[in-house]
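Enquirer: Data file protein_22.txt (compact mmCIF, C-alpha atoms) is appended below.
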# COMPACT_ATOMS: atom_id res chain seq x y z
CA MET A 788 69.48 70.56 136.59
CA ASP A 789 72.55 71.89 134.84
CA PRO A 790 72.42 75.66 135.28
CA VAL A 791 74.56 77.91 133.10
CA VAL A 792 73.88 80.79 135.48
CA THR A 793 72.55 80.88 139.03
CA ALA A 794 71.41 84.03 140.85
CA GLN A 795 71.00 83.91 144.62
CA SER A 796 69.37 86.74 146.58
CA LEU A 797 70.44 89.01 143.76
CA GLY A 798 69.82 92.71 144.16
CA ARG A 799 70.81 95.96 142.53
CA ARG A 800 70.15 99.38 143.97
CA PHE A 801 70.26 102.75 142.17
CA GLY A 802 70.33 105.39 144.88
CA HIS A 803 67.61 104.43 147.35
CA ARG A 804 65.59 102.42 144.82
CA TRP A 805 66.05 98.67 144.41
CA ALA A 806 65.73 97.86 140.68
CA VAL A 807 66.16 94.14 141.46
CA ALA A 808 65.64 92.80 144.98
CA ARG A 809 66.37 89.37 146.54
CA LEU A 810 65.91 87.54 143.27
CA ASN A 811 66.65 83.80 142.93
CA LEU A 812 66.89 82.36 139.44
CA GLU A 813 68.53 79.47 137.60
CA VAL A 814 68.87 79.23 133.84
CA ASP A 815 69.61 75.74 132.57
CA ARG A 816 71.93 74.94 129.73
CA ASN A 817 69.88 75.06 126.48
CA GLU A 818 66.85 76.51 128.29
CA ARG A 819 64.80 79.30 126.66
CA LEU A 820 63.61 81.73 129.32
CA LEU A 821 61.28 84.66 128.75
CA ILE A 822 61.31 87.60 131.17
CA ILE A 823 58.28 89.87 131.05
CA GLY A 824 57.10 92.72 133.22
CA PRO A 825 56.13 96.39 133.14
CA ASN A 826 58.57 99.20 132.36
CA GLY A 827 61.09 99.71 135.17
CA CYS A 828 60.47 96.29 136.74
CA GLY A 829 64.18 95.37 136.56
CA LYS A 830 64.38 93.24 133.38
CA THR A 831 67.25 95.17 131.81
CA THR A 832 69.08 95.50 135.14
CA LEU A 833 68.85 91.73 135.62
CA LEU A 834 70.16 91.04 132.11
CA ARG A 835 73.05 93.48 132.56
CA MET A 836 74.02 91.85 135.84
CA MET A 837 73.87 88.42 134.20
CA ALA A 838 76.11 89.83 131.45
CA THR A 839 78.66 90.99 134.09
CA LEU A 840 78.28 94.58 132.90
CA LEU A 841 76.63 95.71 136.14
CA PRO A 842 77.86 94.54 139.54
CA PRO A 843 75.14 93.42 141.98
CA SER A 844 74.57 95.45 145.15
CA GLN A 845 73.69 92.24 147.01
CA GLY A 846 73.62 88.49 146.43
CA THR A 847 75.67 86.40 144.05
CA LEU A 848 75.73 85.28 140.44
CA GLN A 849 77.52 82.11 139.41
CA TRP A 850 78.26 81.02 135.88
CA SER A 851 79.26 77.44 135.11
CA GLY A 852 81.50 75.93 132.48
CA ASN A 853 83.33 79.16 131.88
CA GLY A 854 86.84 78.55 133.23
CA ASP A 855 88.11 81.73 134.83
CA ASP A 856 86.18 84.28 132.80
CA PRO A 857 82.35 84.27 132.78
CA ARG A 858 82.41 86.73 129.89
CA SER A 859 83.68 83.99 127.58
CA VAL A 860 80.26 82.25 127.73
CA ILE A 861 78.01 85.34 127.53
CA GLY A 862 76.54 87.12 124.53
CA LEU A 863 74.40 90.22 124.94
CA MET A 864 71.99 91.98 122.60
CA GLY A 865 71.23 95.07 124.66
CA HIS A 866 69.36 98.30 123.95
CA ALA A 867 72.46 99.68 122.20
CA PRO A 868 73.41 97.49 119.24
CA GLY A 869 77.13 97.34 120.14
CA ILE A 870 78.47 98.27 116.73
CA TYR A 871 80.88 100.67 115.03
CA GLU A 872 78.81 103.15 113.01
CA ASP A 873 81.56 103.90 110.47
CA LEU A 874 82.09 100.28 109.45
CA SER A 875 79.96 98.05 107.26
CA ALA A 876 78.05 95.12 108.78
CA ALA A 877 80.65 92.66 107.48
CA ASP A 878 83.55 94.71 108.86
CA ASN A 879 81.79 94.93 112.24
CA LEU A 880 81.52 91.15 112.39
CA ARG A 881 85.12 90.70 111.22
CA VAL A 882 86.45 93.17 113.82
CA PHE A 883 84.77 91.40 116.74
CA ALA A 884 85.61 87.93 115.40
CA ARG A 885 89.23 88.95 115.17
CA LEU A 886 89.21 90.40 118.69
CA ALA A 887 87.66 87.17 119.98
CA GLY A 888 90.20 85.09 118.04
CA ARG A 889 87.53 83.29 116.00
CA ASP A 890 87.28 82.18 112.38
CA ARG A 891 85.98 84.99 110.16
CA GLY A 892 84.95 82.82 107.23
CA ASP A 893 81.30 82.54 108.30
CA VAL A 894 80.53 86.28 108.00
CA PRO A 895 78.62 86.17 104.66
CA SER A 896 76.38 83.28 105.75
CA ILE A 897 75.55 84.99 109.07
CA LEU A 898 74.66 88.21 107.27
CA THR A 899 72.42 86.23 104.94
CA THR A 900 70.69 84.65 107.96
CA VAL A 901 69.79 88.06 109.40
CA GLY A 902 68.97 89.59 105.98
CA LEU A 903 71.90 91.99 105.79
CA ASP A 904 73.83 90.37 102.95
CA GLY A 905 75.05 92.49 100.05
CA ARG A 906 75.14 95.73 102.04
CA SER A 907 78.53 97.42 101.98
CA GLU A 908 77.51 100.86 103.27
CA PRO A 909 78.47 102.04 106.79
CA VAL A 910 76.11 100.98 109.57
CA SER A 911 75.39 104.67 110.30
CA ARG A 912 73.05 104.56 107.26
CA TYR A 913 71.09 101.60 108.63
CA SER A 914 67.61 101.83 110.14
CA ALA A 915 67.11 100.99 113.83
CA GLY A 916 65.69 97.57 112.95
CA MET A 917 68.67 96.73 110.74
CA ARG A 918 71.06 97.69 113.54
CA ARG A 919 69.28 95.29 115.87
CA ARG A 920 69.56 92.55 113.26
CA LEU A 921 73.31 93.21 113.10
CA ALA A 922 73.47 92.93 116.90
CA LEU A 923 71.77 89.56 116.58
CA ALA A 924 74.29 88.58 113.90
CA HIS A 925 77.03 89.14 116.49
CA LEU A 926 75.32 86.59 118.75
CA LEU A 927 75.01 84.10 115.90
CA GLN A 928 78.69 84.52 115.23
CA THR A 929 79.69 84.22 118.91
CA GLN A 930 77.46 81.18 119.58
CA PRO A 931 77.50 81.92 123.33
CA ALA A 932 76.52 79.38 125.99
CA LEU A 933 74.25 82.09 127.44
CA ALA A 934 72.60 84.59 125.05
CA LEU A 935 70.87 87.54 126.71
CA LEU A 936 68.45 89.45 124.48
CA ASP A 937 66.84 92.68 125.64
CA GLU A 938 63.78 93.58 123.57
CA PRO A 939 64.96 91.75 120.41
CA PHE A 940 61.75 92.63 118.51
CA ALA A 941 61.86 96.38 119.21
CA GLN A 942 61.72 98.59 116.08
CA MET A 943 61.21 95.57 113.79
CA ASP A 944 58.82 95.26 110.85
CA PRO A 945 56.89 91.94 110.46
CA GLY A 946 59.55 90.55 108.11
CA GLY A 947 62.28 91.49 110.59
CA ILE A 948 60.38 89.84 113.46
CA ALA A 949 60.14 86.58 111.51
CA GLN A 950 63.84 86.76 110.66
CA VAL A 951 64.83 87.51 114.27
CA SER A 952 62.63 84.64 115.51
CA ARG A 953 64.37 82.24 113.13
CA SER A 954 67.77 83.51 114.24
CA ILE A 955 66.93 83.14 117.94
CA ARG A 956 65.85 79.55 117.29
CA ALA A 957 69.25 78.96 115.67
CA LEU A 958 71.15 80.05 118.80
CA PRO A 959 72.74 76.96 120.32
CA GLY A 960 72.94 77.60 124.10
CA ALA A 961 70.67 78.99 126.79
CA VAL A 962 68.66 82.00 125.69
CA VAL A 963 67.12 84.63 127.97
CA ILE A 964 64.73 87.06 126.29
CA ALA A 965 63.36 90.16 128.02
CA SER A 966 60.47 91.49 125.97
CA HIS A 967 57.16 93.29 126.13
CA GLN A 968 56.09 91.58 122.91
CA VAL A 969 54.97 88.39 124.61
CA HIS A 970 53.07 87.05 121.59
CA HIS A 971 56.30 87.10 119.54
CA ALA A 972 58.69 85.94 122.27
CA ALA A 973 56.63 83.26 124.07
CA PRO A 974 56.63 80.74 121.16
CA LEU A 975 60.45 80.82 121.24
CA CYS A 976 60.66 80.02 124.96
CA THR A 977 59.91 77.13 127.28
CA ARG A 978 59.68 78.92 130.62
CA ALA A 979 58.71 82.46 131.61
CA ILE A 980 58.98 84.69 134.64
CA LEU A 981 56.96 87.81 135.32
CA MET A 982 58.84 90.55 137.17
CA ASP A 983 57.34 93.42 139.09
CA GLU A 984 59.19 95.94 141.27
CA GLY A 985 62.43 93.99 141.03
CA GLN A 986 61.04 90.62 142.09
CA ILE A 987 59.60 87.54 140.42
CA ARG A 988 55.80 87.67 140.74
CA TRP A 989 55.02 84.62 138.64
CA ALA A 990 56.90 81.74 137.00
CA GLY A 991 55.52 79.10 134.69
CA PRO A 992 55.38 77.77 131.14
CA ALA A 993 55.99 80.37 128.45
CA ASN A 994 52.62 79.52 126.88
CA ASP A 995 50.87 80.92 129.98
CA ALA A 996 52.96 84.10 130.08
CA GLU A 997 50.45 86.29 128.24
CA ALA A 998 47.66 85.34 130.68
CA ALA A 999 49.91 86.09 133.68
CA TRP A 1000 50.89 89.39 132.10
CA ARG A 1001 47.22 90.37 131.60
CA ALA A 1002 46.39 89.33 135.18
CA LEU A 1003 49.12 91.64 136.49
CA HIS A 1004 47.81 94.53 134.39
CA ARG A 1005 44.26 93.93 135.65
CA GLU A 1006 45.54 93.84 139.24
CA ARG A 1007 47.34 97.15 138.67
CA GLY A 1008 44.25 98.62 137.04
CA ASP A 1009 45.98 99.15 133.69
CA LEU A 1010 43.34 97.23 131.72
CA MET B 609 100.39 92.18 122.87
CA THR B 610 98.25 90.57 120.15
CA ALA B 611 95.12 92.11 121.66
CA VAL B 612 96.78 95.56 121.70
CA LEU B 613 97.63 95.21 118.01
CA GLN B 614 94.08 94.02 117.24
CA ILE B 615 92.65 97.17 118.88
CA LEU B 616 95.18 99.28 116.97
CA TRP B 617 94.17 97.57 113.71
CA LYS B 618 90.47 98.11 114.48
CA ASP B 619 91.01 101.84 115.10
CA ALA B 620 93.12 102.13 111.95
CA LEU B 621 90.28 100.51 109.95
CA ILE B 622 87.71 102.91 111.43
CA GLU B 623 89.89 105.97 110.84
CA TRP B 624 90.61 104.89 107.28
CA THR B 625 86.91 104.32 106.60
CA ALA B 626 86.06 107.77 107.98
CA ARG B 627 89.24 109.50 106.80
CA SER B 628 87.48 112.79 106.06
CA ARG B 629 87.48 113.35 109.84
CA THR B 630 91.29 113.16 109.88
CA VAL B 631 91.44 115.72 107.07
CA SER B 632 89.17 118.01 109.13
CA LEU B 633 91.42 117.57 112.16
CA LEU B 634 94.55 118.46 110.19
CA SER B 635 92.77 121.50 108.73
CA PHE B 636 91.91 122.56 112.29
CA ALA B 637 95.59 122.26 113.31
CA TYR B 638 96.60 124.45 110.34
CA THR B 639 93.86 126.98 111.15
CA ILE B 640 95.11 127.37 114.74
CA LEU B 641 98.68 127.91 113.56
CA LEU B 642 97.56 130.51 111.02
CA LEU B 643 95.46 132.28 113.67
CA PHE B 644 98.52 132.52 115.95
CA ALA B 645 100.51 133.93 113.05
CA PHE B 646 97.80 136.53 112.27
CA ALA B 647 97.43 137.45 115.95
CA VAL B 648 101.17 138.05 116.40
CA GLY B 649 101.45 139.91 113.10
CA ALA B 650 104.56 140.49 111.03
CA ASP B 651 106.94 140.23 113.98
CA ALA B 652 109.32 137.57 112.70
CA ASP B 653 111.38 137.47 115.90
CA THR B 654 108.35 136.84 118.16
CA LEU B 655 107.03 134.17 115.79
CA ARG B 656 110.41 132.46 115.78
CA ARG B 657 110.83 132.62 119.57
CA HIS B 658 107.39 131.16 120.24
CA ALA B 659 107.19 128.73 117.30
CA GLY B 660 107.45 125.70 119.63
CA ALA B 661 104.57 126.98 121.79
CA TYR B 662 102.36 127.64 118.73
CA MET B 663 103.05 124.17 117.40
CA TRP B 664 102.21 122.44 120.69
CA MET B 665 99.11 124.55 121.33
CA SER B 666 97.89 123.47 117.91
CA ILE B 667 98.59 119.78 118.73
CA LEU B 668 97.00 120.15 122.18
CA LEU B 669 93.76 121.69 120.89
CA CYS B 670 93.53 119.02 118.20
CA SER B 671 94.12 116.34 120.84
CA THR B 672 90.95 117.26 122.74
CA LEU B 673 88.86 116.85 119.58
CA LEU B 674 90.65 113.66 118.64
CA LEU B 675 90.48 112.02 122.07
CA GLU B 676 86.80 112.83 122.56
CA ARG B 677 85.97 111.49 119.11
CA THR B 678 87.93 108.23 119.29
CA MET B 679 86.31 107.34 122.64
CA ARG B 680 82.82 108.44 121.50
CA ILE B 681 83.13 105.84 118.71
CA GLU B 682 83.39 103.16 121.41
CA PHE B 683 80.50 104.42 123.53
CA GLU B 684 77.88 105.89 121.16
CA ALA B 685 76.40 102.60 119.92
CA GLY B 686 77.49 100.41 122.82
CA ALA B 687 80.55 98.90 121.11
CA ILE B 688 82.47 99.16 124.40
CA GLU B 689 80.09 96.65 126.01
CA ARG B 690 80.62 94.17 123.21
CA LEU B 691 84.39 94.76 123.52
CA LEU B 692 84.21 94.03 127.25
CA LEU B 693 82.51 90.71 126.47
CA THR B 694 85.43 89.65 124.24
CA PRO B 695 88.55 88.05 125.76
CA VAL B 696 90.43 91.37 125.32
CA PRO B 697 91.59 92.49 128.79
CA PRO B 698 90.78 96.13 129.71
CA ALA B 699 94.51 96.92 129.96
CA ALA B 700 95.02 95.75 126.37
CA LEU B 701 92.04 97.86 125.34
CA PHE B 702 93.66 100.89 126.99
CA TYR B 703 97.07 100.35 125.45
CA GLY B 704 95.54 99.73 122.02
CA LYS B 705 93.42 102.90 122.21
CA ALA B 706 96.26 104.99 123.69
CA LEU B 707 98.68 103.76 121.01
CA SER B 708 96.12 104.53 118.30
CA ASN B 709 95.62 108.05 119.72
CA SER B 710 99.41 108.51 119.93
CA VAL B 711 99.83 107.58 116.27
CA GLN B 712 97.13 110.08 115.25
CA LEU B 713 98.76 112.82 117.35
CA TRP B 714 102.12 112.01 115.74
CA VAL B 715 100.47 112.48 112.36
CA VAL B 716 99.05 115.84 113.48
CA GLY B 717 102.52 116.79 114.77
CA ALA B 718 104.19 115.73 111.52
CA PHE B 719 101.71 117.79 109.49
CA THR B 720 102.12 120.93 111.62
CA ILE B 721 105.93 121.00 111.30
CA PRO B 722 106.04 122.18 107.63
CA LEU B 723 103.60 125.02 108.33
CA VAL B 724 105.56 126.07 111.43
CA VAL B 725 108.69 126.14 109.25
CA VAL B 726 106.94 128.39 106.72
CA ILE B 727 105.07 130.84 108.95
CA CYS B 728 107.69 131.14 111.71
CA ASP B 729 110.69 131.02 109.37
CA VAL B 730 112.53 128.38 111.38
CA SER B 731 114.57 125.33 110.51
CA PHE B 732 114.57 121.94 112.19
CA VAL B 733 116.96 120.22 109.79
CA GLU B 734 120.01 120.28 112.08
CA HIS B 735 118.23 118.67 115.02
CA ALA B 736 115.46 116.78 113.25
CA LEU B 737 115.90 113.70 115.43
CA TRP B 738 115.49 115.74 118.62
CA LEU B 739 112.30 117.23 117.23
CA LEU B 740 110.95 113.82 116.23
CA ALA B 741 111.69 112.54 119.74
CA ALA B 742 109.85 115.53 121.24
CA VAL B 743 106.81 114.95 119.00
CA ALA B 744 106.84 111.21 119.75
CA LEU B 745 107.12 111.58 123.52
CA GLY B 746 104.90 114.67 123.70
CA GLY B 747 102.14 113.01 121.63
CA ALA B 748 102.32 109.84 123.72
CA GLY B 749 102.29 111.94 126.91
CA LEU B 750 99.04 113.58 125.82
CA ALA B 751 97.50 110.34 124.55
CA ALA B 752 97.80 108.19 127.69
CA PRO B 753 96.00 110.42 130.22
CA GLY B 754 93.75 111.68 127.41
CA THR B 755 92.56 108.15 126.65
CA LEU B 756 91.76 107.53 130.33
CA TYR B 757 89.98 110.84 130.80
CA SER B 758 88.04 110.55 127.56
CA ALA B 759 86.74 107.17 128.80
CA MET B 760 85.79 108.78 132.13
CA THR B 761 83.83 111.56 130.44
CA ALA B 762 82.44 109.57 127.48
CA ARG B 763 79.04 108.94 129.10
CA LEU B 764 78.66 112.44 130.54
CA ALA B 765 76.70 115.33 129.10
CA GLY B 766 79.06 118.19 128.24
CA ARG B 767 81.97 115.78 127.77
CA GLN B 768 83.53 118.04 125.11
CA LEU B 769 83.99 120.70 127.79
CA LEU B 770 84.76 118.36 130.68
CA LEU B 771 87.55 116.52 128.91
CA PRO B 772 89.86 119.55 128.44
CA LEU B 773 88.91 120.89 131.88
CA MET B 774 90.05 117.66 133.51
CA LEU B 775 92.91 116.85 131.16
CA PHE B 776 94.75 120.16 130.76
CA PRO B 777 95.91 120.54 134.39
CA LEU B 778 97.27 117.00 134.31
CA ILE B 779 99.32 117.39 131.14
CA VAL B 780 100.96 120.73 131.97
CA PRO B 781 104.34 119.04 132.71
CA VAL B 782 104.24 117.23 129.35
CA LEU B 783 103.31 120.43 127.54
CA VAL B 784 106.08 122.44 129.23
CA ALA B 785 108.71 119.77 128.50
CA ALA B 786 107.58 119.35 124.88
CA VAL B 787 107.55 123.13 124.22
CA LYS B 788 110.95 123.56 125.89
CA THR B 789 112.53 120.78 123.82
CA THR B 790 111.03 122.11 120.58
CA SER B 791 112.12 125.68 121.39
CA LEU B 792 115.67 124.50 122.14
CA VAL B 793 115.72 122.66 118.81
CA ILE B 794 114.59 125.83 116.99
CA LEU B 795 116.57 128.48 118.87
CA GLY B 796 119.71 126.51 119.57
CA ASP B 797 120.81 124.58 122.62
CA PRO B 798 124.19 125.94 123.83
CA MET B 799 123.77 124.35 127.30
CA ASP B 800 122.68 120.92 125.96
CA GLN B 801 119.40 121.02 127.86
CA ALA B 802 117.19 119.35 125.26
CA GLY B 803 118.32 115.88 126.33
CA SER B 804 117.31 116.55 129.94
CA TRP B 805 113.86 117.75 128.87
CA LEU B 806 113.42 114.63 126.75
CA VAL B 807 114.37 112.45 129.73
CA LEU B 808 111.77 114.33 131.78
CA LEU B 809 109.18 113.71 129.02
CA ALA B 810 110.08 110.02 128.98
CA CYS B 811 109.64 109.85 132.78
CA PHE B 812 106.18 111.46 132.60
CA ASN B 813 105.27 108.99 129.87
CA LEU B 814 106.39 106.09 132.02
CA VAL B 815 104.22 107.27 134.92
CA TYR B 816 101.15 108.09 132.78
CA TRP B 817 101.25 104.91 130.68
CA SER B 818 101.67 102.67 133.74
CA LEU B 819 99.11 104.36 135.97
CA CYS B 820 96.45 104.92 133.31
CA GLY B 821 96.74 101.30 132.14
CA VAL B 822 95.93 100.13 135.67
CA LEU B 823 93.04 102.57 136.17
CA PHE B 824 91.37 102.11 132.77
CA GLY B 825 89.71 98.78 133.67
CA ARG B 826 87.96 100.36 136.66
CA VAL B 827 86.81 103.31 134.56
CA VAL B 828 85.18 101.27 131.78
CA ASP B 829 83.66 98.78 134.24
CA ALA B 830 82.07 101.66 136.13
Could I get this structure in the form of structure tokens?
Expert:
Amino acid sequence: MDPVVTAQSLGRRFGHRWAVARLNLEVDRNERLLIIGPNGCGKTTLLRMMATLLPPSQGTLQWSGNGDDPRSVIGLMGHAPGIYEDLSAADNLRVFARLAGRDRGDVPSILTTVGLDGRSEPVSRYSAGMRRRLALAHLLQTQPALALLDEPFAQMDPGGIAQVSRSIRALPGAVVIASHQVHHAAPLCTRAILMDEGQIRWAGPANDAEAAWRALHRERGDL
Amino acid sequence: MTAVLQILWKDALIEWTARSRTVSLLSFAYTILLLFAFAVGADADTLRRHAGAYMWMSILLCSTLLLERTMRIEFEAGAIERLLLTPVPPAALFYGKALSNSVQLWVVGAFTIPLVVVICDVSFVEHALWLLAAVALGGAGLAAPGTLYSAMTARLAGRQLLLPLMLFPLIVPVLVAAVKTTSLVILGDPMDQAGSWLVLLACFNLVYWSLCGVLFGRVVDA
């Protein structure tokens, strides 16, 4: 086991409600982990804690191979695309590459990968799906050791889903995907966990995730 | 320092791309000055005596629009989170944003001066350097706490109202010192007080720029 991130007894409380409670999880280097669960089960909270953007209320998170700053190994594709609306897609990538002190020469090829090449208009004119593809382009450019993707297939057309799937496969390090679209996300992952009320209810191979997901729904009387 | 300049460059690129917003801001500054002139009427002496106050009220009102807008750009599509995941330290982010806001306020100040000269019938030529120092220090004195407070209010509903409500009480000393210096430049300074007011402005800047730089990291992390 060579974990890139380890959570021990991790918890996060909002007011009196625990969004994540006493959660233990390890994500190995180069592992592809799928997180599924109903709305409000704590998927996004867990990802944001793993991204260092939300401090835990209890427990610890440890990142490895990061020197002093865990943020240097993390890439996040959250609900918000993390872009500047007034700039073009290429300028957005150049700005963040420059701030991260990276080479900016790969911008055209990354935009081609996510299907946004040849577009010079400001991002404010993009559709929601195109904005998410640009967010994914940021991850491809950063090549993080731990990529955290929150609902990467949301607002995507079938062509966009195929493109995003290809791009996720191209990510080099560990990838954690939180998604409701299990049939799109499971083929990209090796392991899955099912969360409910802030805790892990099931863990197993990603191929079995859809069955576990249906079993939870039946148990809750949703199906 | 490199990170501060990178943030400054990023903001310059965004402002250049959306430069129509800067034109709107300058038009707003001119509109305020003209409204003061219309409200006072054809009383040349009153206009002349209060020219410094009109100029700084115009800059102050523009600053609330400017500060809210430049921070909204960071928060509206989650760019701030991506920035926090880059190696740029929060302090560098603050100083880059505050410097960018200062530059834009200096531009607003520089554009208001010719209209103040025309509508208030005043001359700054003799003490132009004193006036430039007042605009530089006054603009920076508004920008530092304004950048911090705009980050604090950026995620709140009603931020356009909350920002001036929280910011204005804090920047009263800067406003008083900037208006005093400008008025002394316009009306004459027989007691050589302008220098003392500029020193006071510089001291407020020192306090605001140090303190806000320390606090900014906590604000954006929260």
Enquirer: Within 8 Å of segment 766-780 of chain B, which residues of segment 633-703 of chain B show up? Give each one with its shortest atom-to-atom distance in Å (one decimal) and the two atoms involved, counting all atoms listed in the file, rows by chain then rising residue number, as JSON lines.
Expert:
{"residue": "B:Thr672", "atom": "CA", "partner": "B:Pro772", "partner_atom": "CA", "distance": 6.2}
{"residue": "B:Leu673", "atom": "CA", "partner": "B:Gln768", "partner_atom": "CA", "distance": 7.8}
{"residue": "B:Glu676", "atom": "CA", "partner": "B:Gln768", "partner_atom": "CA", "distance": 6.7}
Enquirer: I'd like the interatomic distance between atom CA of Thr831 of chain A and atom CA of Gly902 of chain A, to a tenth of an Å.
Expert: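 Distance between the two atoms: 26.5 Å.
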Enquirer: Counting all atoms listed in the file, which residues from chain A have an atom at most 8 Å from any atom of chain B, and could you show them as a compact mmCIF listing (two decimals) with C-alpha atoms, in the coordinates of the input?
Expert:
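Listed below is the output, selection_5.txt:
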# COMPACT_ATOMS: atom_id res chain seq x y z
CA LEU A 840 78.28 94.58 132.90
CA LEU A 841 76.63 95.71 136.14
CA ARG A 858 82.41 86.73 129.89
CA SER A 859 83.68 83.99 127.58
CA ILE A 861 78.01 85.34 127.53
CA GLY A 862 76.54 87.12 124.53
CA LEU A 863 74.40 90.22 124.94
CA ALA A 867 72.46 99.68 122.20
CA PRO A 868 73.41 97.49 119.24
CA GLY A 869 77.13 97.34 120.14
CA ILE A 870 78.47 98.27 116.73
CA TYR A 871 80.88 100.67 115.03
CA GLU A 872 78.81 103.15 113.01
CA ASP A 873 81.56 103.90 110.47
CA LEU A 874 82.09 100.28 109.45
CA VAL A 882 86.45 93.17 113.82
CA PHE A 883 84.77 91.40 116.74
CA ARG A 885 89.23 88.95 115.17
CA LEU A 886 89.21 90.40 118.69
CA ALA A 887 87.66 87.17 119.98
Enquirer: Report as a PyMOL selection string all protein, DNA and RNA residues lying within 12 Å of Thr639 of chain B, evaluated on all atoms listed in the file, omitting residues in the same chain fewer than 2 positions from it.
Expert: chain B and resi 632-637+641-646+662-663+665-667+669-670+720+723-724
Enquirer: Leaving out Met609 of chain B and any residue of its chain fewer than 6 positions from it, which residues lie within 12 Å of it when counting only C-alpha atoms, given as JSON, numbers by chain?
Expert: {"B": [615, 616, 696, 697, 699, 700, 701, 702, 703, 704, 707]}
Enquirer: Just to confirm, what's the straight-line distance from atom CA of Arg978 of chain A to atom CA of Leu921 of chain A in Å (one decimal)?
Expert: 26.4 Å
Enquirer: For atom CA of Arg906 of chain A and atom CA of Val631 of chain B, quote the distance in Å rounded to one decimal.
Expert: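 Separation between atom CA of Arg906 of chain A and atom CA of Val631 of chain B: 26.3 Å.
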Enquirer: Which one of B:Val827, B:Leu814, B:Ala652, B:Ala661 sits closest to Ile640 of chain B if you count all atoms listed in the file?
Expert: B:Ala661
Enquirer: Give the answer as one residue: which of A:Gly985, A:Gly1008, A:Pro945, A:Gly991 has the shortest atom-to-atom distance to His971 of chain A, using only C-alpha atoms?
Expert: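 The shortest atom-to-atom distance to His971 of chain A comes from A:Pro945.
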Enquirer: Given only C-alpha atoms as the basis, pick out the residue of A:Arg920, A:Ser911, A:Leu933, A:Pro843 nearest to Gly946 of chain A.
Expert: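 Residue with the minimum atom-to-atom distance to Gly946 of chain A: A:Arg920.
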Enquirer: Once you count only C-alpha atoms, which residues end up no further than 10 Å from (69.0, 99.9, 121.2) in the file's frame, shown as JSON, numbers by chain?
Expert: {"A": [864, 865, 866, 867, 868, 869, 915, 916, 918, 919, 922, 937, 938, 939, 941, 942], "B": [685, 686]}
Enquirer: Go through B:Gly754, B:Val743, B:Leu819, B:Arg826 one by one, measure the shortest atom-to-atom distance of each to Asn709 of chain B using only C-alpha atoms, and give the residue with the smallest value.
Expert: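 Closest to Asn709 of chain B, using only C-alpha atoms: B:Gly754.
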Enquirer: I'd like to know which of A:Ala993, A:His1004, A:Pro825, A:Arg819 is closest to Leu958 of chain A, using all atoms listed in the file.
Expert: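 Residue with the minimum atom-to-atom distance to Leu958 of chain A: A:Arg819.
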Enquirer: Just want the 7 Å neighbourhood of Ala748 of chain B, counted on all atoms listed in the file, with same-chain residues fewer than 4 positions away dropped. Output as a compact mmCIF listing (two decimals) with C-alpha atoms, in the frame of the given file.
Expert:
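The resulting result.txt:
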# COMPACT_ATOMS: atom_id res chain seq x y z
CA SER B 710 99.41 108.51 119.93
CA ALA B 744 106.84 111.21 119.75
CA ALA B 752 97.80 108.19 127.69
CA ASN B 813 105.27 108.99 129.87
Enquirer: Pick the closest to Val726 of chain B from B:Gln801, B:Ala759, B:Gly825, B:Ala659: which is it, counting all atoms listed in the file?
Expert: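 Of B:Gln801, B:Ala759, B:Gly825, B:Ala659, the one nearest Val726 of chain B is B:Ala659, counting all atoms listed in the file.
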Enquirer: Show me, as a PyMOL selection string, the residues that have an atom within 12 Å of Ala736 of chain B when counting only C-alpha atoms, minus same-chain residues fewer than 3 positions from it.
Expert: chain B and resi 718+721+731-733+739-743+789-790+792-794
Enquirer: Write out the residues from the selection above, keeping C-alpha atoms, as an mmCIF file, keeping the file's coordinate frame.
Expert:
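Final output, again-v8.cif:
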data_model
loop_
_atom_site.group_PDB
_atom_site.id
_atom_site.type_symbol
_atom_site.label_atom_id
_atom_site.label_comp_id
_atom_site.auth_asym_id
_atom_site.auth_seq_id
_atom_site.Cartn_x
_atom_site.Cartn_y
_atom_site.Cartn_z
ATOM 1 C CA ALA B 718 104.190 115.730 111.520
ATOM 2 C CA ILE B 721 105.930 121.000 111.300
ATOM 3 C CA SER B 731 114.570 125.330 110.510
ATOM 4 C CA PHE B 732 114.570 121.940 112.190
ATOM 5 C CA VAL B 733 116.960 120.220 109.790
ATOM 6 C CA LEU B 739 112.300 117.230 117.230
ATOM 7 C CA LEU B 740 110.950 113.820 116.230
ATOM 8 C CA ALA B 741 111.690 112.540 119.740
ATOM 9 C CA ALA B 742 109.850 115.530 121.240
ATOM 10 C CA VAL B 743 106.810 114.950 119.000
ATOM 11 C CA THR B 789 112.530 120.780 123.820
ATOM 12 C CA THR B 790 111.030 122.110 120.580
ATOM 13 C CA LEU B 792 115.670 124.500 122.140
ATOM 14 C CA VAL B 793 115.720 122.660 118.810
ATOM 15 C CA ILE B 794 114.590 125.830 116.990
#
Enquirer: So which residues touch Arg953 of chain A within 9 Å, counting all atoms listed in the file, skipping near sequence neighbours fewer than 5 positions away, as number ranges by chain?
Expert: A: 900-901, 948
Enquirer: List every protein, DNA or RNA residue with an atom no more than 8 Å from (79.2, 94.5, 107.5) in the file's coordinates, counting all atoms listed in the file, and format the result as a list in words.
Expert: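 Returned residue set, sorted by chain then number, is Leu874, Ser875, Ala876, Ala877, Asp878, Asn879, Leu880, Arg881, Leu898, Leu903, Arg906, Ser907, Glu908, Pro909 and Val910 of chain A.
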